[in-house]
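Okay, entry.txt is below, compact mmCIF, C-alpha atoms:
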```txt
# COMPACT_ATOMS: atom_id res chain seq x y z
CA MET Q 731 33.73 13.31 -47.98
CA PRO Q 732 35.95 12.48 -50.96
CA ARG Q 733 34.77 14.30 -54.07
CA ASN Q 734 36.38 12.42 -56.96
CA ALA Q 735 37.90 9.06 -57.88
CA GLU Q 736 41.40 10.11 -56.82
CA GLU Q 737 40.25 11.18 -53.36
CA ILE Q 738 38.14 8.02 -52.96
CA GLN Q 739 41.17 5.89 -53.84
CA LYS Q 740 43.31 7.74 -51.31
CA VAL Q 741 40.80 7.18 -48.49
CA GLN Q 742 40.34 3.52 -49.44
CA THR Q 743 44.11 2.96 -49.40
CA GLY Q 744 44.37 4.48 -45.94
CA PHE Q 745 41.73 2.12 -44.57
CA PHE Q 746 43.15 -0.92 -46.36
CA ARG Q 747 46.51 -0.39 -44.69
CA LEU Q 748 44.90 -0.75 -41.25
CA LYS Q 749 43.53 -4.30 -41.36
CA GLY Q 750 43.26 -5.23 -45.03
CA PHE Q 751 39.57 -4.34 -45.44
CA PRO Q 752 39.02 -3.28 -49.07
CA ARG Q 753 37.02 -0.41 -50.60
CA VAL Q 754 36.27 1.39 -47.32
CA VAL Q 755 35.57 5.10 -47.75
CA GLY Q 756 34.48 5.91 -44.19
CA ALA Q 757 33.62 4.66 -40.71
CA VAL Q 758 30.32 5.92 -39.28
CA ASP Q 759 28.99 6.10 -35.75
CA CYS Q 760 27.14 8.40 -33.36
CA THR Q 761 28.09 9.90 -30.01
CA HIS Q 762 26.00 11.73 -27.43
CA ILE Q 763 26.88 15.32 -26.60
CA ARG Q 764 25.39 16.28 -23.23
CA ILE Q 765 23.23 19.42 -23.08
CA GLN Q 766 21.20 21.21 -20.44
CA SER Q 767 17.52 20.32 -20.17
CA PRO Q 768 15.50 21.99 -22.97
CA ASN Q 769 12.09 23.46 -22.24
CA SER Q 770 9.38 21.13 -20.96
CA ASN Q 771 7.54 20.92 -24.30
CA ILE Q 772 10.38 19.16 -26.11
CA GLY Q 773 12.69 18.07 -23.29
CA GLU Q 774 11.91 14.35 -23.38
CA ARG Q 775 12.85 14.14 -27.06
CA PHE Q 776 16.41 14.94 -25.99
CA ARG Q 777 16.61 12.37 -23.17
CA ASN Q 778 18.76 9.49 -24.40
CA ARG Q 779 18.73 5.83 -23.40
CA LYS Q 780 21.25 6.54 -20.65
CA GLY Q 781 18.86 9.01 -19.03
CA TYR Q 782 20.47 12.39 -19.70
CA PHE Q 783 19.70 15.13 -22.25
CA SER Q 784 21.85 15.17 -25.37
CA PHE Q 785 22.25 15.61 -29.09
CA ASN Q 786 23.02 12.34 -30.88
CA VAL Q 787 25.77 13.41 -33.28
CA GLN Q 788 26.73 11.35 -36.33
CA ALA Q 789 30.26 11.48 -37.70
CA ILE Q 790 32.03 9.78 -40.59
CA CYS Q 791 35.83 9.73 -40.46
CA ASP Q 792 38.77 8.47 -42.51
CA SER Q 793 41.60 6.21 -41.39
CA ASP Q 794 43.55 9.20 -40.08
CA LEU Q 795 40.69 10.19 -37.71
CA LYS Q 796 39.74 13.20 -39.83
CA ILE Q 797 36.04 14.11 -39.65
CA MET Q 798 34.70 13.98 -43.22
CA ASN Q 799 31.01 14.43 -42.44
CA ILE Q 800 29.02 15.46 -39.36
CA VAL Q 801 25.30 15.68 -38.54
CA ALA Q 802 24.59 17.53 -35.30
CA ARG Q 803 20.85 18.23 -35.20
CA TRP Q 804 19.12 15.12 -33.83
CA PRO Q 805 17.77 14.78 -30.26
CA GLY Q 806 19.35 12.18 -28.00
CA SER Q 807 16.32 9.86 -28.16
CA VAL Q 808 16.79 9.25 -31.90
CA HIS Q 809 18.48 5.99 -32.94
CA ASP Q 810 21.76 6.01 -34.87
CA SER Q 811 20.25 4.25 -37.89
CA THR Q 812 17.42 6.80 -38.13
CA ILE Q 813 19.95 9.62 -38.27
CA PHE Q 814 21.85 7.91 -41.08
CA ASP Q 815 18.68 7.04 -43.01
CA ASN Q 816 17.73 10.72 -43.06
CA SER Q 817 21.21 11.99 -43.94
CA MET Q 818 22.57 13.34 -47.20
CA CYS Q 819 25.28 10.66 -47.11
CA ARG Q 820 22.75 7.87 -47.40
CA ALA Q 821 21.26 9.49 -50.50
CA GLN Q 822 24.72 9.95 -51.99
CA PHE Q 823 25.65 6.29 -51.45
CA GLU Q 824 22.33 5.05 -52.83
CA ASN Q 825 22.78 7.32 -55.87
CA GLY Q 826 26.15 5.65 -56.52
CA GLU Q 827 28.26 8.76 -55.94
CA TYR Q 828 30.96 6.69 -54.19
CA GLY Q 829 30.97 3.82 -56.68
CA ASN Q 830 31.42 0.42 -55.05
CA SER Q 831 32.82 1.86 -51.82
CA PHE Q 832 31.79 0.74 -48.35
CA LEU Q 833 30.93 2.48 -45.13
CA LEU Q 834 31.66 0.53 -41.96
CA GLY Q 835 29.05 0.69 -39.22
CA ASP Q 836 28.34 -1.19 -36.00
CA GLY Q 837 25.46 -3.58 -35.40
CA GLY Q 838 23.03 -0.72 -34.87
CA TYR Q 839 22.97 -0.09 -38.63
CA PRO Q 840 21.24 -2.29 -41.23
CA CYS Q 841 23.59 -4.19 -43.52
CA ARG Q 842 23.32 -2.77 -47.03
CA ASP Q 843 25.30 -3.16 -50.22
CA TYR Q 844 27.30 -0.07 -49.24
CA MET Q 845 27.14 -0.47 -45.41
CA MET Q 846 29.14 -3.35 -43.97
CA THR Q 847 28.27 -4.33 -40.40
CA PRO Q 848 29.55 -7.02 -38.01
CA LEU Q 849 28.32 -10.58 -38.29
CA LEU Q 850 25.98 -11.75 -35.56
CA ARG Q 851 27.79 -15.06 -35.03
CA PRO Q 852 30.89 -15.64 -37.19
CA VAL Q 853 31.46 -19.37 -37.66
CA THR Q 854 33.90 -20.07 -40.48
CA GLU Q 855 37.51 -18.94 -40.47
CA ALA Q 856 36.74 -16.52 -43.30
CA GLU Q 857 33.89 -15.01 -41.29
CA LYS Q 858 36.15 -14.66 -38.26
CA ARG Q 859 38.79 -12.92 -40.37
CA TYR Q 860 36.10 -10.59 -41.74
CA GLN Q 861 34.91 -9.83 -38.21
CA LYS Q 862 38.42 -9.09 -36.96
CA ALA Q 863 39.19 -6.83 -39.94
CA HIS Q 864 35.85 -5.04 -39.60
CA ILE Q 865 36.24 -4.34 -35.88
CA GLY Q 866 39.87 -3.25 -36.24
CA THR Q 867 39.06 -0.93 -39.15
CA ARG Q 868 35.83 0.60 -37.82
CA ASN Q 869 37.50 1.31 -34.47
CA VAL Q 870 38.90 4.55 -35.92
CA VAL Q 871 35.58 6.35 -35.43
CA GLU Q 872 35.45 5.39 -31.75
CA ARG Q 873 39.03 6.60 -31.34
CA LEU Q 874 38.04 9.83 -33.09
CA PHE Q 875 35.31 10.51 -30.52
CA GLY Q 876 37.76 10.00 -27.68
CA VAL Q 877 40.38 12.36 -29.12
CA TRP Q 878 37.79 14.97 -30.19
CA LYS Q 879 36.28 15.09 -26.70
CA ARG Q 880 39.68 15.40 -25.06
CA ARG Q 881 40.65 18.20 -27.44
CA PHE Q 882 37.41 20.09 -26.69
CA PRO Q 883 36.26 19.19 -23.16
CA VAL Q 884 33.06 21.21 -23.61
CA ILE Q 885 31.61 18.42 -25.75
CA ALA Q 886 32.60 15.85 -23.14
CA VAL Q 887 31.24 17.57 -20.03
CA GLY Q 888 28.24 19.25 -21.66
CA ILE Q 889 27.10 22.45 -23.36
CA ARG Q 890 24.78 24.88 -21.55
CA THR Q 891 23.52 27.14 -24.35
CA GLN Q 892 20.41 27.49 -26.51
CA LEU Q 893 19.84 24.54 -28.85
CA ASN Q 894 20.78 26.40 -32.06
CA THR Q 895 23.97 27.69 -30.44
CA THR Q 896 24.77 24.22 -29.17
CA MET Q 897 24.48 22.70 -32.66
CA THR Q 898 26.74 25.42 -34.06
CA THR Q 899 29.27 24.85 -31.27
CA ILE Q 900 29.44 21.11 -31.97
CA VAL Q 901 30.09 21.64 -35.69
CA ALA Q 902 32.61 24.42 -34.94
CA THR Q 903 34.65 22.12 -32.69
CA ALA Q 904 34.67 19.51 -35.47
CA VAL Q 905 35.98 22.06 -37.98
CA LEU Q 906 38.63 23.28 -35.54
CA TYR Q 907 39.61 19.69 -34.79
CA ASN Q 908 40.27 19.06 -38.50
CA ILE Q 909 42.24 22.30 -38.84
CA LEU Q 910 44.45 21.31 -35.90
CA LYS Q 911 45.05 17.89 -37.47
CA GLU Q 912 46.05 19.48 -40.78
CA GLN Q 913 48.44 21.77 -38.90
CA CYS Q 914 49.96 18.70 -37.20
CA ASP Q 915 49.13 20.12 -33.79
CA GLU Q 916 49.78 17.64 -31.02
CA MET Q 917 46.61 15.71 -30.25
CA PRO Q 918 45.60 14.60 -26.75
CA ALA Q 919 45.96 10.93 -25.83
CA ASN Q 920 42.88 8.90 -26.62
CA GLU Q 921 41.06 7.46 -23.65
CA ASN Q 922 38.44 5.67 -25.75
CA ALA Q 923 35.78 7.72 -24.03
CA VAL Q 924 32.90 6.47 -26.12
CA ASP Q 925 31.08 3.29 -25.29
CA ASN Q 926 28.86 1.90 -28.04
CA ASP Q 927 26.20 -0.79 -27.71
CA LEU Q 928 26.07 -3.26 -30.58
CA LEU Q 929 22.39 -3.65 -31.38
CA LEU Q 930 22.31 -6.92 -33.27
CA GLU Q 931 18.65 -7.24 -34.18
CA ILE Q 932 17.89 -9.41 -37.21
CA ASP Q 933 16.00 -7.43 -39.83
CA MET Q 934 14.90 -9.48 -42.80
CA ASN Q 935 13.72 -6.69 -45.09
CA PRO Q 936 14.83 -6.78 -48.76
CA VAL Q 937 17.47 -4.06 -48.33
CA ARG Q 938 19.02 -5.99 -45.45
CA GLN Q 939 19.09 -9.19 -47.53
CA THR Q 940 20.87 -7.39 -50.34
CA GLY Q 941 23.46 -6.13 -47.86
CA ASN Q 942 23.90 -9.62 -46.43
CA LEU Q 943 24.46 -10.97 -49.94
CA VAL Q 944 27.17 -8.38 -50.65
CA ARG Q 945 28.78 -9.03 -47.27
CA GLY Q 946 28.80 -12.78 -47.95
CA GLN Q 947 30.44 -12.26 -51.34
CA LEU Q 948 33.03 -10.00 -49.75
CA ILE Q 949 33.86 -12.65 -47.15
CA ASP Q 950 34.17 -15.33 -49.85
CA LEU Q 951 36.33 -13.23 -52.17
CA VAL Q 952 38.59 -11.40 -49.73
CA PHE Q 953 38.72 -13.22 -46.41
CA THR Q 954 38.65 -16.87 -47.50
```
Hey, can you dump this file as structure tokens for me?
Amino acid sequence: MPRNAEEIQKVQTGFFRLKGFPRVVGAVDCTHIRIQSPNSNIGERFRNRKGYFSFNVQAICDSDLKIMNIVARWPGSVHDSTIFDNSMCRAQFENGEYGNSFLLGDGGYPCRDYMMTPLLRPVTEAEKRYQKAHIGTRNVVERLFGVWKRRFPVIAVGIRTQLNTTMTTIVATAVLYNILKEQCDEMPANENAVDNDLLLEIDMNPVRQTGNLVRGQLIDLVFT
């Protein structure tokens, strides 16, 4: 993740050039990495909603599809928002370490003052412009997953090692992926391999309301 104001500004500029969405410092999402069945005592914790065993891996990337942060330790049954809520990144954003920057997440995340999510039903022209800019900007993380899995097929077809080794392998492929990007190595074509369900439940807790207020102000100020 960016470590100072200059790096934050650089990442924000990269995102703004995509679809005109301001103050974005990262796009966050999770993807399932298939694993072999763990032992019977813990196996069902790793069975995801699609029925196979996996790690649910969270990644945050920049506009250039570089992985800035990765969490690769949660069983496949754990929801994306739970992984984020227990991550260091959430604490850093809530401590104000990234100023007034935004993360972009899909509808599976609660809307917060630093986490912008899609609208449930955009009505006004400003809301529709917000929605279009949000989707077009956040799409980078889905593209990242497609390219990453094509670069390292082992994380696409599945890893058959002990759990600790599997977690290390996932993080190692992410590090190698970034190194190859920095070396301008030719990347595989993206097949958009990840499919993500938008979970658009309405959650009226105070944190969610604060996020909705910030999102509404953003729509009024930027997209009207």
Item checked: Two-atom distance - CA of Val754 in chain Q, CA of Leu833 in chain Q (Å) -> 5.9 Å
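Distance check against Ile738 in chain Q using only C-alpha atoms: of Q:Thr940, Q:Gln892, Q:Ser831, Q:Thr867, the minimum falls on Q:Ser831.
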Notebook entry, point to check: In Å to one decimal, how far is CA of Ile885 in chain Q from CA of Thr898 in chain Q?
Noted result: 11.9 Å
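The closest residue to Met845 in chain Q, picked from Q:Val808, Q:Ile865, Q:Val905, Q:Val944 and counting all atoms listed in the file, is Q:Val944.
Using all atoms listed in the file, the smallest distance between any of Q:Glu774, Q:Asp810, Q:Asp794, Q:Glu736 and Gly837 in chain Q comes from Q:Asp810.
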Note to self: I'd like the contact shell of Arg747 in chain Q - 12 Å cut-off, all atoms listed in the file, skipping same-chain residues fewer than 6 positions apart - returned as a list in words.
What the structure shows: Lys740, Val741, Arg753, Val754, Asp792, Ser793, Asp794, Ala863, Gly866 and Thr867 of chain Q
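Relative to CA of Val755 in chain Q, CA of Glu737 in chain Q is found at 9.5 Å.
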Item checked: All residues 12 Å or closer to Gly773 in chain Q, all atoms listed in the file, same chain fewer than 6 positions away omitted, as a ChimeraX atom specification -> /Q:765-767,781-785,805-807,893
Same residues, C-alpha atoms, saved as a PDB file, in the coordinates of the input:
```pdb
ATOM      1  CA  ILE Q 765      23.230  19.420 -23.080  1.00  0.00           C
ATOM      2  CA  GLN Q 766      21.200  21.210 -20.440  1.00  0.00           C
ATOM      3  CA  SER Q 767      17.520  20.320 -20.170  1.00  0.00           C
ATOM      4  CA  GLY Q 781      18.860   9.010 -19.030  1.00  0.00           C
ATOM      5  CA  TYR Q 782      20.470  12.390 -19.700  1.00  0.00           C
ATOM      6  CA  PHE Q 783      19.700  15.130 -22.250  1.00  0.00           C
ATOM      7  CA  SER Q 784      21.850  15.170 -25.370  1.00  0.00           C
ATOM      8  CA  PHE Q 785      22.250  15.610 -29.090  1.00  0.00           C
ATOM      9  CA  PRO Q 805      17.770  14.780 -30.260  1.00  0.00           C
ATOM     10  CA  GLY Q 806      19.350  12.180 -28.000  1.00  0.00           C
ATOM     11  CA  SER Q 807      16.320   9.860 -28.160  1.00  0.00           C
ATOM     12  CA  LEU Q 893      19.840  24.540 -28.850  1.00  0.00           C
TER      13      LEU Q 893
END
```
Next item on the list: Name the closest residue to Asp843 in chain Q among the candidates Q:Ile797, Q:Met818, Q:Arg945, Q:Met731; distances are taken between atoms, counting only C-alpha atoms.
Entry: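 Nearest candidate to Asp843 in chain Q out of Q:Ile797, Q:Met818, Q:Arg945, Q:Met731: Q:Arg945.
Ranking Q:Phe953, Q:Phe751, Q:Phe882, Q:Phe776 by their shortest atom-to-atom distance to Trp804 in chain Q, with only C-alpha atoms included, puts Q:Phe776 first.
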Margin query: Just checking: using all atoms listed in the file, which residue out of Q:Lys796, Q:Arg880, Q:Arg779, Q:Arg842 ends up closest to Asp815 in chain Q?
Written below: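 Selected residue with least distance to Asp815 in chain Q: Q:Arg842.
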Item checked: Shell around range 948-950 of chain Q at 7 Å using all atoms listed in the file, local window under 4 positions removed, as a ChimeraX atom specification -> /Q:856-857,860,944,954
Note to self: Which residues are near His864 in chain Q? Cut-off 8 Å, only C-alpha atoms, ignore same chain within fewer than 5 positions. Put them as JSON, numbers by chain.
What the structure shows: {"Q": [749, 751, 834, 847, 848]}
